[in-house]
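Structure file run.cif (mmCIF, C-alpha atoms and all ligand atoms) is printed below.
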data_structure
#
loop_
_atom_site.group_PDB
_atom_site.id
_atom_site.type_symbol
_atom_site.label_atom_id
_atom_site.label_comp_id
_atom_site.auth_asym_id
_atom_site.auth_seq_id
_atom_site.Cartn_x
_atom_site.Cartn_y
_atom_site.Cartn_z
ATOM 1 C CA MET A 1 29.514 16.069 29.867
ATOM 2 C CA GLY A 2 30.064 19.610 28.604
ATOM 3 C CA THR A 3 27.423 22.146 27.675
ATOM 4 C CA PRO A 4 25.438 21.017 24.639
ATOM 5 C CA ARG A 5 26.116 22.930 21.455
ATOM 6 C CA TRP A 6 24.068 26.083 20.936
ATOM 7 C CA ASP A 7 22.042 24.477 18.173
ATOM 8 C CA ALA A 8 21.347 21.374 20.264
ATOM 9 C CA ARG A 9 19.653 23.214 23.120
ATOM 10 C CA PRO A 10 15.858 23.007 23.074
ATOM 11 C CA GLU A 11 15.403 26.701 23.954
ATOM 12 C CA ASN A 12 17.139 27.634 20.697
ATOM 13 C CA LYS A 13 14.985 25.463 18.486
ATOM 14 C CA ALA A 14 12.613 28.284 17.499
ATOM 15 C CA LYS A 15 15.558 30.605 16.810
ATOM 16 C CA ILE A 16 17.131 28.040 14.511
ATOM 17 C CA ALA A 17 13.857 27.490 12.677
ATOM 18 C CA ALA A 18 13.539 31.267 12.213
ATOM 19 C CA LEU A 19 17.101 31.499 10.920
ATOM 20 C CA GLY A 20 16.341 28.695 8.481
ATOM 21 C CA ARG A 21 13.231 30.514 7.291
ATOM 22 C CA GLU A 22 15.241 33.721 6.762
ATOM 23 C CA TRP A 23 17.896 31.795 4.875
ATOM 24 C CA ARG A 24 15.367 30.146 2.600
ATOM 25 C CA LYS A 25 13.735 33.498 1.800
ATOM 26 C CA LYS A 26 16.879 34.862 0.163
ATOM 27 C CA PRO A 27 16.726 34.302 -3.597
ATOM 28 C CA GLU A 28 20.408 33.381 -3.832
ATOM 29 C CA ASN A 29 19.766 30.481 -1.492
ATOM 30 C CA LYS A 30 16.762 29.127 -3.357
ATOM 31 C CA VAL A 31 18.926 27.219 -5.848
ATOM 32 C CA LYS A 32 21.207 25.910 -3.128
ATOM 33 C CA GLN A 33 18.174 24.743 -1.226
ATOM 34 C CA LYS A 34 16.727 22.973 -4.251
ATOM 35 C CA VAL A 35 19.990 21.110 -4.851
ATOM 36 C CA ALA A 36 20.253 20.186 -1.187
ATOM 37 C CA THR A 37 16.673 18.921 -1.096
ATOM 38 C CA LYS A 38 17.201 16.890 -4.246
ATOM 39 C CA ARG A 39 20.368 15.359 -2.851
ATOM 40 C CA TRP A 40 18.704 14.641 0.480
ATOM 41 C CA ARG A 41 15.717 12.996 -1.198
ATOM 42 C CA ALA A 42 17.986 10.809 -3.334
ATOM 43 C CA ALA A 43 19.903 9.696 -0.243
ATOM 44 C CA ASN A 44 16.768 9.150 1.876
ATOM 45 C CA ARG A 45 14.319 7.471 -0.475
ATOM 46 C CA GLU A 46 12.678 5.449 2.289
ATOM 47 C CA ARG A 47 12.144 8.520 4.424
ATOM 48 C CA VAL A 48 10.594 10.298 1.440
ATOM 49 C CA ILE A 49 8.189 7.432 0.740
ATOM 50 C CA GLU A 50 7.369 7.109 4.424
ATOM 51 C CA THR A 51 6.605 10.805 4.707
ATOM 52 C CA ARG A 52 4.428 10.706 1.613
ATOM 53 C CA ASN A 53 2.507 7.685 2.887
ATOM 54 C CA ARG A 54 1.964 9.358 6.217
ATOM 55 C CA TRP A 55 0.712 12.461 4.417
ATOM 56 C CA LEU A 56 -1.645 10.381 2.273
ATOM 57 C CA ALA A 57 -3.013 8.525 5.297
ATOM 58 C CA LYS A 58 -3.656 11.807 7.077
ATOM 59 C CA ARG A 59 -5.275 13.184 3.951
ATOM 60 C CA ARG A 60 -7.577 10.123 3.766
ATOM 61 C CA GLU A 61 -8.576 10.668 7.391
ATOM 62 C CA THR A 62 -9.380 14.298 6.634
ATOM 63 C CA ASP A 63 -11.398 13.345 3.561
ATOM 64 C CA LYS A 64 -13.415 10.905 5.652
ATOM 65 C CA SER A 65 -14.468 13.497 8.180
ATOM 66 C CA TYR A 66 -14.762 16.461 5.841
ATOM 67 C CA GLY A 67 -16.092 15.002 2.630
ATOM 68 C CA ARG A 68 -13.760 15.990 -0.161
ATOM 69 C CA GLY A 69 -13.266 19.640 0.525
ATOM 70 C CA ARG A 70 -12.686 21.596 3.672
ATOM 71 C CA HIS A 71 -16.369 21.708 4.558
ATOM 72 C CA SER A 72 -17.671 19.509 7.303
ATOM 73 C CA ILE A 73 -20.098 16.717 6.669
ATOM 74 C CA VAL A 74 -22.633 18.727 8.664
ATOM 75 C CA ILE A 75 -22.598 21.508 6.102
ATOM 76 C CA LYS A 76 -23.110 18.913 3.382
ATOM 77 C CA HIS A 77 -26.189 17.635 5.194
ATOM 78 C CA LEU A 78 -27.547 21.159 5.567
ATOM 79 C CA LEU A 79 -26.947 21.833 1.898
ATOM 80 C CA MET A 80 -28.704 18.601 0.915
ATOM 81 C CA GLN A 81 -31.696 19.939 2.821
ATOM 82 C CA ARG A 82 -31.535 23.460 1.464
ATOM 83 C CA ASP A 83 -31.096 22.411 -2.167
ATOM 84 C CA LYS A 84 -33.567 19.501 -1.752
ATOM 85 C CA SER A 85 -30.985 16.904 -2.842
ATOM 86 C CA ILE A 86 -30.972 18.333 -6.359
ATOM 87 C CA CYS A 87 -27.729 18.977 -8.195
ATOM 88 C CA GLN A 88 -27.636 22.707 -8.903
ATOM 89 C CA ILE A 89 -25.617 22.164 -12.054
ATOM 90 C CA CYS A 90 -27.535 19.450 -13.929
ATOM 91 C CA GLY A 91 -30.831 19.457 -11.999
ATOM 92 C CA GLU A 92 -30.816 15.727 -11.261
ATOM 93 C CA PRO A 93 -31.211 14.261 -7.759
ATOM 94 C CA VAL A 94 -27.990 13.681 -5.826
ATOM 95 C CA ALA A 95 -27.216 10.859 -3.410
ATOM 96 C CA PHE A 96 -25.308 11.940 -0.326
ATOM 97 C CA ALA A 97 -22.251 9.901 -1.324
ATOM 98 C CA ASP A 98 -22.116 11.567 -4.771
ATOM 99 C CA ALA A 99 -22.793 15.040 -3.474
ATOM 100 C CA SER A 100 -20.197 17.736 -3.337
ATOM 101 C CA LEU A 101 -20.191 21.393 -2.441
ATOM 102 C CA ASP A 102 -19.778 23.631 -5.450
ATOM 103 C CA HIS A 103 -18.455 27.134 -4.991
ATOM 104 C CA ILE A 104 -20.514 29.337 -7.301
ATOM 105 C CA ILE A 105 -17.642 31.803 -7.466
ATOM 106 C CA PRO A 106 -14.509 29.701 -7.029
ATOM 107 C CA ILE A 107 -12.325 30.509 -4.034
ATOM 108 C CA SER A 108 -9.469 31.041 -6.488
ATOM 109 C CA ARG A 109 -11.470 33.872 -8.048
ATOM 110 C CA GLY A 110 -12.216 35.540 -4.774
ATOM 111 C CA GLY A 111 -15.419 33.667 -3.920
ATOM 112 C CA SER A 112 -16.313 33.304 -0.282
ATOM 113 C CA ASP A 113 -16.812 30.249 1.884
ATOM 114 C CA GLU A 114 -20.266 31.455 2.915
ATOM 115 C CA ALA A 115 -23.380 29.371 2.397
ATOM 116 C CA THR A 116 -24.597 31.883 -0.186
ATOM 117 C CA ASN A 117 -21.639 30.994 -2.399
ATOM 118 C CA ILE A 118 -22.026 27.243 -1.988
ATOM 119 C CA ARG A 119 -24.505 24.994 -3.746
ATOM 120 C CA LEU A 120 -25.099 21.297 -3.968
ATOM 121 C CA ALA A 121 -23.745 19.459 -6.993
ATOM 122 C CA HIS A 122 -22.771 15.976 -8.115
ATOM 123 C CA LEU A 123 -19.094 15.481 -7.569
ATOM 124 C CA PHE A 124 -18.914 14.653 -11.274
ATOM 125 C CA CYS A 125 -20.720 17.830 -12.342
ATOM 126 C CA ASN A 126 -18.596 19.880 -9.992
ATOM 127 C CA VAL A 127 -15.346 18.465 -11.342
ATOM 128 C CA SER A 128 -16.322 18.810 -15.000
ATOM 129 C CA ARG A 129 -17.460 22.374 -14.396
ATOM 130 C CA GLY A 130 -14.242 23.071 -12.549
ATOM 131 C CA ASN A 131 -12.204 21.946 -15.544
ATOM 132 C CA LYS A 132 -13.732 24.638 -17.688
ATOM 133 C CA TYR A 133 -11.926 27.350 -15.773
HETATM 134 ZN ZN ZN B 1 -25.264 17.014 -11.505
#
Mind turning the file's structure into structure tokens?
Amino acid sequence: MGTPRWDARPENKAKIAALGREWRKKPENKVKQKVATKRWRAANRERVIETRNRWLAKRRETDKSYGRGRHSIVIKHLLMQRDKSICQICGEPVAFADASLDHIIPISRGGSDEATNIRLAHLFCNVSRGNKY
């Protein structure tokens, strides 16, 4: 048993990851990386599907505990109370299961995650409003 290769030693793992990050940042390597990824994915279809399924399962778990966005179910309850279970877009009552949190100013437009920027809305109303942007 000789000394393990430099890149096989656990203490160098972070260094290798950093080197990889540096490498990927260089524009001339972007194309190379794309080709390599494509080739890898073609050769490892099962791994790709497995990874995607694992990601989807995790995502489902997150959705269950957080509703559909990144807000906790607790915030949704508080908002139901504050907005008296009325959809702030169409003015109709909202059932908890149909409720969603609508960002008055979307996060993508610089809106905050504060309660003052969030209102209660039907998931449907929220999504159809969102499509207008
Ligand atoms: Zn509504």
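Those protein and nucleic acid residues that have any atom within 8 Å of ligand ZN 1 (chain B) are, using all atoms listed in the file, Ile86, Cys87, Gln88, Ile89, Cys90, Gly91, Glu92, Pro93, Val94, Ala121, His122, Leu123, Phe124, Cys125 and Asn126 of chain A.
Across the structure, atom CA of Arg82 of chain A and atom CA of Leu101 of chain A are spaced 12.2 Å apart.
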Produce the centre coordinates and the three edge lengths, each in Å to one decimal, of the box along x, y and z that contains all listed atoms of segment 108-120 of chain A with 5 Å added on each side, as lines of an AutoDock Vina configuration file.
center_x = -17.3
center_y = 28.4
center_z = -2.6
size_x = 25.6
size_y = 24.2
size_z = 21.0
List as CSV every residue of segment 91-121 of chain A that is in contact with segment 76-79 of chain A, defined as an atom at most 10 Å from one of its atoms (using only C-alpha atoms), together with the nearest atom pair and the distance in Å rounded to one decimal, sorted by chain and then rising number.
residue,atom,partner,partner_atom,distance
A:Phe96,CA,A:His77,CA,8.0
A:Ala99,CA,A:Lys76,CA,7.9
A:Ser100,CA,A:Lys76,CA,7.4
A:Leu101,CA,A:Lys76,CA,7.0
A:Ala115,CA,A:Leu79,CA,8.4
A:Ile118,CA,A:Leu79,CA,8.3
A:Arg119,CA,A:Leu79,CA,6.9
A:Leu120,CA,A:Leu79,CA,6.2
A:Ala121,CA,A:Leu79,CA,9.7
Just give me the gap between atom CA of Ser108 of chain A and atom CA of Asn53 of chain A in Å, one decimal is fine.
27.9 Å
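Across the model, the gap from atom CA of Asn117 of chain A to atom CA of Asp102 of chain A is 8.2 Å.
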